[in-house]
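*Asks:* Provided herewith: protein_10.cif, mmCIF, C-alpha atoms.
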```
data_run
loop_
_atom_site.label_atom_id
_atom_site.label_comp_id
_atom_site.auth_asym_id
_atom_site.auth_seq_id
_atom_site.Cartn_x
_atom_site.Cartn_y
_atom_site.Cartn_z
CA MET A 1265 0.00 0.00 0.00
CA LEU A 1266 2.81 2.39 0.89
CA CYS A 1267 4.37 1.98 -2.53
CA SER A 1268 1.29 3.54 -4.15
CA TRP A 1269 2.31 6.86 -2.61
CA GLY A 1270 5.43 6.95 -4.77
CA ALA A 1271 7.70 9.86 -3.91
CA ALA A 1272 5.42 10.78 -1.00
CA ALA A 1273 6.36 7.64 0.94
CA HIS A 1274 9.40 9.32 2.50
CA ILE A 1275 7.22 12.18 3.80
CA LEU A 1276 4.68 9.78 5.29
CA ARG A 1277 7.52 7.91 6.99
CA LEU A 1278 8.29 11.05 9.00
CA VAL A 1279 4.79 11.24 10.47
CA SER A 1280 3.75 7.60 10.75
CA GLY A 1281 5.67 6.64 13.89
CA LEU A 1282 3.89 8.65 16.56
CA PRO A 1283 1.67 6.72 19.00
CA THR A 1284 -2.02 7.54 19.21
CA PRO A 1285 -1.85 9.58 22.48
CA LYS A 1286 0.77 11.86 21.00
CA ARG A 1287 -1.25 12.27 17.82
CA GLU A 1288 -4.29 13.25 19.86
CA ARG A 1289 -2.28 15.85 21.80
CA ARG A 1290 -1.00 17.35 18.54
CA ARG A 1291 -4.14 17.19 16.40
CA ILE A 1292 -4.02 14.87 13.41
CA VAL A 1293 -0.37 14.26 12.71
CA ILE A 1294 -0.80 14.39 8.93
CA LEU A 1295 -1.70 18.10 9.30
CA GLN A 1296 1.33 18.93 11.41
CA PRO A 1297 3.54 21.62 9.86
CA GLN A 1298 6.95 20.56 8.61
CA ALA A 1299 9.78 22.82 7.45
CA PHE A 1300 12.30 21.52 4.92
CA ILE A 1301 15.52 23.54 4.93
CA ASP A 1302 18.75 23.57 2.92
CA ASP A 1303 21.86 25.76 3.01
CA SER A 1304 23.69 27.68 0.33
CA VAL A 1305 27.07 29.37 0.64
CA SER A 1306 29.03 31.40 -1.89
CA GLN A 1307 31.87 29.41 -3.43
CA PRO A 1308 34.78 29.84 -3.29
CA ALA A 1309 34.66 33.32 -1.76
CA GLN A 1310 32.04 32.47 0.90
CA THR A 1311 30.43 35.90 0.73
CA TYR A 1312 26.97 34.93 2.02
CA PHE A 1313 25.61 31.98 3.96
CA VAL A 1314 21.88 31.21 3.63
CA LEU A 1315 19.51 28.72 5.21
CA ALA A 1316 16.17 28.62 3.44
CA GLY A 1317 13.17 26.47 2.70
CA PHE A 1318 9.44 26.08 3.01
CA VAL A 1319 6.78 25.10 5.54
CA SER A 1320 3.67 23.11 4.77
CA SER A 1321 1.62 20.27 6.21
CA ALA A 1322 2.72 16.68 5.89
CA ALA A 1323 -0.31 16.02 3.68
CA ARG A 1324 0.66 18.84 1.32
CA TRP A 1325 4.28 17.69 1.27
CA ALA A 1326 3.13 14.23 0.25
CA GLU A 1327 1.19 15.74 -2.67
CA PHE A 1328 4.16 17.97 -3.50
CA SER A 1329 6.59 15.05 -3.62
CA ASN A 1330 4.59 13.19 -6.22
CA GLU A 1331 4.21 16.31 -8.39
CA TRP A 1332 7.92 17.07 -8.05
CA GLN A 1333 8.77 13.54 -9.14
CA ALA A 1334 6.52 13.94 -12.17
CA ALA A 1335 8.43 17.12 -13.08
CA LEU A 1336 11.73 15.29 -12.67
CA ASP A 1337 10.47 12.62 -15.08
CA LEU A 1338 9.78 15.07 -17.90
CA GLU A 1339 12.21 14.94 -20.82
CA PRO A 1340 15.10 15.49 -20.41
CA LYS A 1341 14.77 13.41 -17.25
CA LEU A 1342 16.44 14.22 -13.93
CA ASP A 1343 17.32 11.77 -11.17
CA TYR A 1344 17.24 14.68 -8.69
CA PHE A 1345 17.39 18.48 -8.72
CA LYS A 1346 20.32 20.62 -7.54
CA MET A 1347 20.34 24.30 -8.36
CA ASN A 1348 24.12 24.59 -8.57
CA GLU A 1349 24.18 21.89 -11.26
CA ALA A 1350 21.39 23.66 -13.13
CA ASN A 1351 23.24 26.98 -12.98
CA VAL A 1352 26.27 25.68 -14.86
CA LEU A 1353 24.61 22.96 -17.00
CA GLN A 1354 26.63 20.15 -15.45
CA LYS A 1355 25.95 16.63 -14.11
CA GLN A 1356 22.15 16.18 -14.12
CA PHE A 1357 21.81 19.26 -16.34
CA SER A 1358 24.70 18.52 -18.68
CA THR A 1359 24.34 19.19 -22.39
CA GLU A 1360 25.09 15.51 -23.00
CA ARG A 1361 21.78 14.73 -21.31
CA GLY A 1362 19.98 17.07 -23.69
CA TRP A 1363 19.90 20.25 -21.63
CA THR A 1364 20.08 23.82 -22.90
CA GLU A 1365 19.75 27.09 -21.00
CA ALA A 1366 16.20 27.53 -22.29
CA LYS A 1367 15.14 24.02 -21.21
CA ARG A 1368 16.83 24.57 -17.84
CA ASP A 1369 14.98 27.84 -17.27
CA ASP A 1370 11.63 26.29 -18.22
CA ARG A 1371 12.15 23.38 -15.82
CA VAL A 1372 13.14 25.68 -12.93
CA ILE A 1373 9.93 27.67 -13.45
CA ALA A 1374 7.94 24.41 -13.52
CA PHE A 1375 9.48 23.51 -10.15
CA THR A 1376 8.70 26.95 -8.68
CA ARG A 1377 5.05 26.57 -9.70
CA ILE A 1378 4.84 23.30 -7.78
CA ILE A 1379 6.39 25.00 -4.75
CA LYS A 1380 3.91 27.89 -4.95
CA LYS A 1381 1.02 25.45 -5.11
CA CYS A 1382 2.03 23.39 -2.07
CA ALA A 1383 4.11 25.58 0.28
CA LEU A 1384 2.33 27.58 2.97
CA ILE A 1385 5.32 29.67 4.08
CA ARG A 1386 8.81 30.44 2.81
CA ILE A 1387 11.42 30.81 5.52
CA HIS A 1388 15.04 31.92 5.36
CA ALA A 1389 17.94 33.37 7.31
CA SER A 1390 21.13 34.86 5.88
CA ILE A 1391 24.43 36.33 7.00
CA LYS A 1392 27.55 37.83 5.48
CA CYS A 1393 30.36 35.40 6.20
CA ALA A 1394 32.89 38.21 6.68
CA ASP A 1395 30.65 39.91 9.27
CA PHE A 1396 30.24 36.68 11.22
CA ALA A 1397 34.00 36.09 11.25
CA ALA A 1398 34.87 39.67 12.22
CA TYR A 1399 32.26 40.17 14.92
CA ILE A 1400 31.71 36.70 16.38
CA SER A 1401 33.93 33.73 15.55
CA GLU A 1402 37.28 35.54 15.89
CA ILE A 1403 36.64 36.60 19.51
CA PRO A 1404 38.81 34.56 21.94
CA VAL A 1405 36.54 33.45 24.81
CA PRO A 1406 36.83 31.15 27.85
CA GLN A 1407 34.16 28.77 26.55
CA ARG A 1408 33.51 28.26 22.86
CA LYS A 1409 30.01 27.34 21.69
CA SER A 1410 28.69 26.00 18.39
CA VAL A 1411 26.54 29.06 17.82
CA SER A 1412 29.56 31.39 17.91
CA ASP A 1413 31.83 29.08 15.87
CA ASN A 1414 29.69 28.18 12.89
CA PRO A 1415 27.41 30.42 10.76
CA TYR A 1416 25.26 27.35 10.03
CA ILE A 1417 24.49 26.90 13.75
CA TYR A 1418 23.95 30.63 14.17
CA LEU A 1419 21.43 30.79 11.31
CA PHE A 1420 19.84 27.55 12.49
CA THR A 1421 19.18 29.27 15.83
CA LYS A 1422 17.69 32.35 14.16
CA LEU A 1423 15.49 30.26 11.87
CA ILE A 1424 14.12 28.04 14.65
CA ALA A 1425 13.51 31.05 16.92
CA ALA A 1426 11.81 33.07 14.18
CA MET A 1427 9.44 30.21 13.37
CA ALA A 1428 8.76 29.48 17.05
CA VAL A 1429 7.69 33.01 17.95
CA ARG A 1430 6.29 34.36 14.66
CA SER A 1431 4.40 31.42 13.20
CA THR A 1432 1.06 32.72 14.54
CA LEU A 1433 1.43 35.75 12.26
CA VAL A 1434 1.12 33.45 9.24
CA GLY A 1435 -1.63 31.26 10.65
CA ILE A 1436 0.37 28.38 12.16
CA ASN A 1437 -0.64 27.78 15.78
CA GLU A 1438 1.17 24.56 16.61
CA PRO A 1439 4.75 23.27 16.74
CA CYS A 1440 6.64 22.93 13.47
CA ASP A 1441 9.15 20.14 12.94
CA PHE A 1442 12.29 20.91 10.92
CA ILE A 1443 13.97 18.61 8.43
CA PHE A 1444 17.38 19.71 7.13
CA ASP A 1445 19.52 18.40 4.31
CA GLU A 1446 22.14 15.96 5.58
CA GLN A 1447 25.18 17.75 7.02
CA SER A 1448 27.71 15.28 8.43
CA HIS A 1449 29.77 18.05 10.03
CA VAL A 1450 26.78 19.79 11.67
CA SER A 1451 24.13 17.25 12.69
CA ASP A 1452 26.06 16.02 15.74
CA GLU A 1453 26.66 19.60 16.88
CA ILE A 1454 22.96 20.42 16.57
CA ALA A 1455 21.97 17.28 18.48
CA ALA A 1456 24.20 18.41 21.36
CA TYR A 1457 23.10 22.05 21.09
CA TRP A 1458 19.33 21.45 20.85
CA PRO A 1459 18.58 21.14 24.62
CA ASP A 1460 20.39 24.45 25.28
CA LEU A 1461 18.47 26.20 22.51
CA LYS A 1462 15.10 24.91 23.77
CA ALA A 1463 15.93 26.03 27.30
CA LEU A 1464 17.06 29.45 26.05
CA LEU A 1465 13.89 30.05 24.04
CA GLU A 1466 11.68 28.92 26.92
CA THR A 1467 13.52 31.19 29.34
CA ARG A 1468 13.32 34.29 27.17
CA ARG A 1469 9.77 34.04 25.88
CA ARG A 1470 7.09 36.36 27.25
CA PRO A 1471 4.64 34.62 29.60
CA ASP A 1472 1.69 35.80 27.48
CA PHE A 1473 3.29 34.80 24.18
CA PRO A 1474 3.00 31.27 22.75
CA LEU A 1475 6.14 29.38 21.78
CA PHE A 1476 5.60 26.74 19.12
CA LEU A 1477 8.70 24.57 19.16
CA GLY A 1478 8.68 21.15 17.50
CA GLU A 1479 10.78 18.06 18.06
CA ARG A 1480 14.56 18.04 17.65
CA PRO A 1481 15.33 18.67 13.96
CA ASN A 1482 16.47 15.72 11.89
CA PHE A 1483 18.60 15.43 8.77
CA GLN A 1484 17.60 13.56 5.62
CA ASN A 1485 18.97 12.80 2.16
CA ASP A 1486 17.79 15.36 -0.40
CA LYS A 1487 17.67 12.74 -3.17
CA ASP A 1488 14.98 10.89 -1.21
CA PHE A 1489 13.12 13.84 0.32
CA LYS A 1490 11.91 15.98 -2.56
CA PRO A 1491 11.00 19.06 -0.42
CA LEU A 1492 14.71 19.40 0.35
CA GLN A 1493 15.31 19.87 -3.38
CA ALA A 1494 12.82 22.74 -3.32
CA ALA A 1495 14.68 24.22 -0.35
CA ASP A 1496 17.92 23.92 -2.34
CA LEU A 1497 16.37 25.86 -5.21
CA PHE A 1498 15.19 28.69 -2.95
CA ALA A 1499 18.38 28.90 -0.86
CA ASN A 1500 20.54 29.10 -3.99
CA GLN A 1501 18.31 31.67 -5.69
CA TYR A 1502 18.11 33.87 -2.61
CA ARG A 1503 21.87 33.78 -2.01
CA TYR A 1504 22.47 34.66 -5.66
CA HIS A 1505 20.10 37.61 -5.27
CA LEU A 1506 22.02 38.84 -2.20
CA GLU A 1507 25.30 38.61 -4.09
CA ARG A 1508 23.95 40.55 -7.06
CA ASN A 1509 22.79 43.31 -4.70
CA SER A 1510 25.94 43.57 -2.60
CA GLY A 1511 27.09 46.67 -4.51
CA ARG A 1512 25.52 50.05 -5.15
CA ILE A 1513 23.30 48.96 -8.04
CA LEU A 1514 20.07 47.25 -7.02
CA VAL A 1515 19.11 44.30 -9.21
CA PRO A 1516 15.52 42.96 -9.07
CA PRO A 1517 14.90 39.28 -8.33
CA ASN A 1518 14.93 36.95 -11.32
CA ARG A 1519 11.75 35.27 -12.56
CA ALA A 1520 12.00 32.18 -10.36
CA LEU A 1521 12.73 34.13 -7.18
CA ARG A 1522 9.93 36.61 -7.90
CA GLN A 1523 7.48 33.71 -7.90
CA LEU A 1524 8.82 32.31 -4.64
CA LEU A 1525 8.78 35.69 -2.88
CA THR A 1526 5.01 35.87 -3.35
CA ILE A 1527 4.67 33.06 -0.77
CA PRO A 1528 4.11 34.51 2.75
CA GLY A 1529 7.46 34.63 4.52
CA ILE A 1530 9.26 34.49 7.84
CA ASN A 1531 12.86 35.62 7.55
CA HIS A 1532 15.87 36.91 9.41
CA ASP A 1533 18.69 38.62 7.52
CA SER A 1534 21.46 39.25 10.05
CA THR A 1535 23.00 42.72 9.92
CA ALA A 1536 26.42 43.99 10.96
CA GLU A 1537 24.67 46.08 13.63
CA GLU A 1538 23.04 42.99 15.13
CA LEU A 1539 26.35 41.13 15.20
CA ALA A 1540 28.14 44.15 16.68
CA ARG A 1541 25.66 44.21 19.57
CA LEU A 1542 26.18 40.50 20.17
CA ARG A 1543 29.94 41.01 20.07
CA GLU A 1544 29.71 43.72 22.74
CA HIS A 1545 27.76 41.33 24.94
CA LEU A 1546 30.30 38.53 24.44
CA VAL A 1547 33.31 40.78 25.03
CA GLN A 1548 31.73 42.34 28.12
CA PHE A 1549 31.07 38.94 29.65
CA ARG A 1550 34.57 37.74 28.78
CA ASP A 1551 36.26 40.79 30.29
CA GLU A 1552 34.15 40.66 33.46
CA LEU A 1553 34.97 36.98 33.90
CA LEU A 1554 38.69 37.56 33.36
CA ALA A 1555 38.66 40.37 35.92
CA ARG A 1556 37.17 38.02 38.53
CA TYR A 1557 38.92 34.86 37.39
CA PRO A 1558 42.29 35.78 35.82
CA ALA A 1559 43.28 32.11 35.46
CA ALA A 1560 40.67 31.56 32.74
CA GLU A 1561 42.20 30.51 29.42
CA LEU A 1562 41.01 32.28 26.28
CA ILE A 1563 40.22 29.88 23.43
CA GLY A 1564 40.34 31.14 19.84
CA TYR A 1565 38.57 30.04 16.69
CA ALA A 1566 39.75 26.86 14.94
CA ASP A 1567 39.63 26.20 11.21
CA THR A 1568 38.46 22.59 11.14
CA PRO A 1569 35.31 20.96 12.61
CA ARG A 1570 37.47 18.55 14.64
CA GLU A 1571 39.56 21.35 16.15
CA ARG A 1572 36.42 23.36 16.94
CA ARG A 1573 34.92 20.34 18.70
CA LEU A 1574 38.08 19.90 20.77
CA ASN A 1575 38.02 23.60 21.65
CA ARG A 1576 34.43 23.31 22.89
CA GLU A 1577 35.46 20.32 25.03
CA ARG A 1578 38.33 22.38 26.47
CA GLY A 1579 35.89 25.17 27.22
CA ARG A 1580 33.48 22.81 28.99
CA ARG A 1581 36.29 21.44 31.15
CA GLN A 1582 37.37 24.95 32.01
CA ALA A 1583 33.80 26.00 32.81
CA LYS A 1584 33.59 23.28 35.46
CA LYS A 1585 36.54 24.87 37.27
CA ILE A 1586 35.04 28.36 37.35
CA PRO A 1587 32.95 29.03 40.51
CA PRO A 1588 29.22 29.25 39.63
CA SER A 1589 28.98 32.73 41.13
CA LEU A 1590 31.45 34.00 38.53
CA LYS A 1591 29.53 32.56 35.59
CA LYS A 1592 26.31 34.45 36.27
CA GLY A 1593 25.11 36.20 33.15
CA GLN A 1594 27.06 33.97 30.81
CA PRO A 1595 25.66 34.27 27.28
CA SER A 1596 24.25 31.17 25.62
#
```
Could you write out this file's structure as structure tokens?
*Replies:*
Amino acid sequence: MLCSWGAAAHILRLVSGLPTPKRERRRIVILQPQAFIDDSVSQPAQTYFVLAGFVSSAARWAEFSNEWQAALDLEPKLDYFKMNEANVLQKQFSTERGWTEAKRDDRVIAFTRIIKKCALIRIHASIKCADFAAYISEIPVPQRKSVSDNPYIYLFTKLIAAMAVRSTLVGINEPCDFIFDEQSHVSDEIAAYWPDLKALLETRRRPDFPLFLGERPNFQNDKDFKPLQAADLFANQYRYHLERNSGRILVPPNRALRQLLTIPGINHDSTAEELARLREHLVQFRDELLARYPAAELIGYADTPRERRLNRERGRRQAKKIPPSLKKGQPS
């Protein structure tokens, strides 16, 4: 029976495992909102980093997946969709497979129409990589954290928080679960960071303001989960738009992005001013701690994921040695 759902089977797999009591507490699980998110970063310069995607119900995503598969099966056929391959007519979009720029453009518009039909909300967060490095990651601190080491984790935090506190503005009044494209270097960090983020959001929310926070995000293969291919399309198009508008001349969105921007949105584009305020907070805490605990070691930014993980472990060991009274006010 499951096979009859075709490409939608992967979506149904995400919502089929909840026991009846939990389904009853959360309404009908097939209606539960799900956000599919992918990242896009400028290569090789790494000018902008973007996390972006769409929110819809599981039922709509199941319908979407079958329509997306039908669009993949049009001639010339695609095994999967990746925007960066489409941009340069390589791999799935190679000329050897029958692709031209005109055919590529027509297929991208066909995909955007499917997204417009099925997505309830577009959601994205962006940051200038140079701003993040200058204001946040390059600060030596006594305890390093994922959110201050990695722009992916930072934008992940902003995206989750924006959806949790602003979803009611776009008609979603229940928790939204997030599904991200597989990221081997990030998923373990997010699994460890998730309890801290939940606690932080719960602590800082207003008592009279609802907080709709779903389960811990999970990571899936974009070749299996078709909504992640839609997220890839949007993330790439939005990053490209930011790059084209980084100078003095303003360039309007291209045809595909114009269609996607008509979908109601929740977004957070980080500014240098925002990061400067966060830097002041981090530096103030660091300096106050050093004044009271001069023995604290300052730990700098590391270039590789392994070295960053080791630095966070060093920071946690050091934090255990610092008297609790001196850590009051420590930023998360």
*Asks:* Which neighbours of range 1419-1431 of chain A fall inside 10 Å, counting only C-alpha atoms, when residues of the same chain fewer than 6 positions from it are skipped, and could you give them as number ranges by chain?
*Replies:* A: 1299, 1301, 1303, 1313-1316, 1319, 1385, 1387-1391, 1411, 1437-1442, 1444, 1454, 1457-1458, 1461-1462, 1464-1465, 1469-1470, 1473-1478, 1481, 1529-1534
*Asks:* Go through A:Glu1577, A:Ala1463, A:Arg1503, A:Pro1569 one by one, measure the shortest atom-to-atom distance of each to His1449 in chain A using all atoms listed in the file, and give the residue with the smallest value.
*Replies:* A:Pro1569
*Asks:* Suppose a student applies the PyMOL selection byres ((chain A and resi 1485) around 12) to this structure; what residues should they get, written as a list in words?
*Replies:*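 Checking the PyMOL selection byres ((chain A and resi 1485) around 12) against this file, the residues are His1274, Ile1275, Phe1300, Ile1301, Asp1302, Tyr1344, Ile1443, Phe1444, Asp1445, Glu1446, Gln1447, Ser1448, Asn1482, Phe1483, Gln1484, Asp1486, Lys1487, Asp1488, Phe1489, Lys1490, Pro1491, Leu1492 and Gln1493 of chain A.
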*Asks:* List the residues selected by the PyMOL selection byres ((chain A and resi 1542-1553) around 12) in the file shown, writing them as a PyMOL selection string.
*Replies:* chain A and resi 1395-1409+1411-1412+1418+1534-1541+1554-1563+1583+1586-1596
*Asks:* Which residues are near Leu1338 in chain A? Cut-off 12 Å, all atoms listed in the file, ignore same chain within fewer than 4 positions. Put them as a VMD selection string.
*Replies:* chain A and resid 1331 to 1334 1342 to 1344 1362 to 1363 1367 to 1368 1370 to 1371 1374 to 1375
*Asks:* For Phe1328 in chain A, which residue out of A:Ile1436, A:Ala1272, A:Glu1365, A:Pro1516 is the nearest one, using all atoms listed in the file?
*Replies:* A:Ala1272
*Asks:* Between CA of Glu1466 in chain A and CA of Tyr1565 in chain A, measure the distance and give it in Å to one decimal.
*Replies:* 28.8 Å
*Asks:* Could you tell me which residues the PyMOL selection byres ((chain A and resi 1518) around 10) returns for this structure, as a count of residues only?
*Replies:* 12
*Asks:* So how many Å separate CA of Lys1381 in chain A and CA of Asn1500 in chain A, to one decimal?
*Replies:* 19.9 Å
*Asks:* Tell me which of A:Glu1453, A:Asp1496, A:Glu1360, A:Glu1327 sits closest to Arg1570 in chain A, counting all atoms listed in the file.
*Replies:* A:Glu1453
*Asks:* Please list as a list of chain:residue names every residue within 6 Å of Ala1271 in chain A, counting all atoms listed in the file and excluding residues in the same chain fewer than 2 positions away.
*Replies:*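 Contacts, in chain order: A:Ala1273, A:Ser1329, A:Asn1330.
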*Asks:* Between CA of Leu1524 in chain A and CA of Arg1324 in chain A, what is the spacing in Å?
*Replies:*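 So the two atoms, CA of Arg1324 in chain A and CA of Leu1524 in chain A, lie 16.8 Å apart.
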*Asks:* Env of Ser1320 in chain A: 7 Å cut, atoms = all atoms listed in the file, seq-sep filter 2 positions within chain, self excluded. Answer as number ranges by chain.
*Replies:* A: 1297-1299, 1318, 1322, 1324-1325, 1383-1385
*Asks:* Kindly provide, as JSON, the centre and edge lengths (Å, one decimal) of an axis-aligned box around all atoms of range 1529-1546 of chain A given in the file, with 6 Å on each side.
*Replies:*
```
{"center_x": 18.9, "center_y": 40.3, "center_z": 14.7, "size_x": 34.8, "size_y": 23.6, "size_z": 32.4}
```
*Asks:* Name the closest residue to Ser1358 in chain A among the candidates A:Thr1376, A:Lys1341, A:Val1305, A:Ala1394; distances are taken between atoms, counting only C-alpha atoms.
*Replies:*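 Going through A:Thr1376, A:Lys1341, A:Val1305, A:Ala1394 one by one, the smallest distance to Ser1358 in chain A is for A:Lys1341.
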*Asks:* Could you check which of A:Ala1455, A:Ser1410, A:Thr1432, A:Phe1345 is closest to Ala1566 in chain A, using all atoms listed in the file?
*Replies:*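 Looking only at the distances to Ala1566 in chain A, the closest residue turns out to be A:Ser1410.
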*Asks:* Model the absent atoms of range 1458-1484 of chain A so that N, CA and C atoms are present, and write the result as a PDB file, in the frame of the given file.
*Replies:*
```pdb
ATOM      1  N   TRP A1458      20.785  21.303  20.825  1.00  0.00           N
ATOM      2  CA  TRP A1458      19.330  21.450  20.850  1.00  0.00           C
ATOM      3  C   TRP A1458      18.757  21.653  22.255  1.00  0.00           C
ATOM      4  N   PRO A1459      19.142  20.893  23.286  1.00  0.00           N
ATOM      5  CA  PRO A1459      18.580  21.140  24.620  1.00  0.00           C
ATOM      6  C   PRO A1459      18.859  22.559  25.122  1.00  0.00           C
ATOM      7  N   ASP A1460      20.063  23.086  24.854  1.00  0.00           N
ATOM      8  CA  ASP A1460      20.390  24.450  25.280  1.00  0.00           C
ATOM      9  C   ASP A1460      19.518  25.469  24.564  1.00  0.00           C
ATOM     10  N   LEU A1461      19.292  25.259  23.257  1.00  0.00           N
ATOM     11  CA  LEU A1461      18.470  26.200  22.510  1.00  0.00           C
ATOM     12  C   LEU A1461      17.027  26.178  23.014  1.00  0.00           C
ATOM     13  N   LYS A1462      16.467  24.999  23.254  1.00  0.00           N
ATOM     14  CA  LYS A1462      15.100  24.910  23.770  1.00  0.00           C
ATOM     15  C   LYS A1462      14.983  25.629  25.099  1.00  0.00           C
ATOM     16  N   ALA A1463      15.960  25.390  25.991  1.00  0.00           N
ATOM     17  CA  ALA A1463      15.930  26.030  27.300  1.00  0.00           C
ATOM     18  C   ALA A1463      16.033  27.552  27.173  1.00  0.00           C
ATOM     19  N   LEU A1464      16.891  28.016  26.250  1.00  0.00           N
ATOM     20  CA  LEU A1464      17.060  29.450  26.050  1.00  0.00           C
ATOM     21  C   LEU A1464      15.777  30.097  25.558  1.00  0.00           C
ATOM     22  N   LEU A1465      15.123  29.485  24.571  1.00  0.00           N
ATOM     23  CA  LEU A1465      13.890  30.050  24.040  1.00  0.00           C
ATOM     24  C   LEU A1465      12.782  30.046  25.076  1.00  0.00           C
ATOM     25  N   GLU A1466      12.697  28.978  25.869  1.00  0.00           N
ATOM     26  CA  GLU A1466      11.680  28.920  26.920  1.00  0.00           C
ATOM     27  C   GLU A1466      11.919  29.992  27.971  1.00  0.00           C
ATOM     28  N   THR A1467      13.191  30.213  28.303  1.00  0.00           N
ATOM     29  CA  THR A1467      13.520  31.190  29.340  1.00  0.00           C
ATOM     30  C   THR A1467      13.199  32.617  28.910  1.00  0.00           C
ATOM     31  N   ARG A1468      13.438  32.918  27.636  1.00  0.00           N
ATOM     32  CA  ARG A1468      13.320  34.290  27.170  1.00  0.00           C
ATOM     33  C   ARG A1468      11.959  34.654  26.594  1.00  0.00           C
ATOM     34  N   ARG A1469      11.072  33.706  26.449  1.00  0.00           N
ATOM     35  CA  ARG A1469       9.770  34.040  25.880  1.00  0.00           C
ATOM     36  C   ARG A1469       8.906  34.783  26.884  1.00  0.00           C
ATOM     37  N   ARG A1470       8.024  35.642  26.388  1.00  0.00           N
ATOM     38  CA  ARG A1470       7.090  36.360  27.250  1.00  0.00           C
ATOM     39  C   ARG A1470       6.035  35.389  27.763  1.00  0.00           C
ATOM     40  N   PRO A1471       5.628  35.542  29.035  1.00  0.00           N
ATOM     41  CA  PRO A1471       4.640  34.620  29.600  1.00  0.00           C
ATOM     42  C   PRO A1471       3.323  34.591  28.828  1.00  0.00           C
ATOM     43  N   ASP A1472       2.955  35.725  28.201  1.00  0.00           N
ATOM     44  CA  ASP A1472       1.690  35.800  27.480  1.00  0.00           C
ATOM     45  C   ASP A1472       1.833  35.502  25.994  1.00  0.00           C
ATOM     46  N   PHE A1473       3.024  35.020  25.603  1.00  0.00           N
ATOM     47  CA  PHE A1473       3.290  34.800  24.180  1.00  0.00           C
ATOM     48  C   PHE A1473       3.529  33.321  23.935  1.00  0.00           C
ATOM     49  N   PRO A1474       2.800  32.704  22.983  1.00  0.00           N
ATOM     50  CA  PRO A1474       3.000  31.270  22.750  1.00  0.00           C
ATOM     51  C   PRO A1474       4.350  30.986  22.090  1.00  0.00           C
ATOM     52  N   LEU A1475       4.884  29.815  22.387  1.00  0.00           N
ATOM     53  CA  LEU A1475       6.140  29.380  21.780  1.00  0.00           C
ATOM     54  C   LEU A1475       5.900  28.025  21.140  1.00  0.00           C
ATOM     55  N   PHE A1476       5.885  27.982  19.827  1.00  0.00           N
ATOM     56  CA  PHE A1476       5.600  26.740  19.120  1.00  0.00           C
ATOM     57  C   PHE A1476       6.900  26.124  18.641  1.00  0.00           C
ATOM     58  N   LEU A1477       7.411  25.202  19.432  1.00  0.00           N
ATOM     59  CA  LEU A1477       8.700  24.570  19.160  1.00  0.00           C
ATOM     60  C   LEU A1477       8.484  23.077  18.964  1.00  0.00           C
ATOM     61  N   GLY A1478       8.889  22.554  17.819  1.00  0.00           N
ATOM     62  CA  GLY A1478       8.680  21.150  17.500  1.00  0.00           C
ATOM     63  C   GLY A1478       9.731  20.240  18.122  1.00  0.00           C
ATOM     64  N   GLU A1479       9.806  19.022  17.589  1.00  0.00           N
ATOM     65  CA  GLU A1479      10.780  18.060  18.060  1.00  0.00           C
ATOM     66  C   GLU A1479      12.185  18.453  17.581  1.00  0.00           C
ATOM     67  N   ARG A1480      13.206  17.767  18.093  1.00  0.00           N
ATOM     68  CA  ARG A1480      14.560  18.040  17.650  1.00  0.00           C
ATOM     69  C   ARG A1480      14.661  17.838  16.141  1.00  0.00           C
ATOM     70  N   PRO A1481      15.224  18.796  15.425  1.00  0.00           N
ATOM     71  CA  PRO A1481      15.330  18.670  13.960  1.00  0.00           C
ATOM     72  C   PRO A1481      16.082  17.402  13.558  1.00  0.00           C
ATOM     73  N   ASN A1482      15.727  16.870  12.409  1.00  0.00           N
ATOM     74  CA  ASN A1482      16.470  15.720  11.890  1.00  0.00           C
ATOM     75  C   ASN A1482      16.983  16.039  10.494  1.00  0.00           C
ATOM     76  N   PHE A1483      17.893  15.203  10.029  1.00  0.00           N
ATOM     77  CA  PHE A1483      18.600  15.430   8.770  1.00  0.00           C
ATOM     78  C   PHE A1483      18.321  14.259   7.832  1.00  0.00           C
ATOM     79  N   GLN A1484      17.972  14.581   6.587  1.00  0.00           N
ATOM     80  CA  GLN A1484      17.600  13.560   5.620  1.00  0.00           C
ATOM     81  C   GLN A1484      18.337  13.789   4.301  1.00  0.00           C
TER      82      GLN A1484
END
```
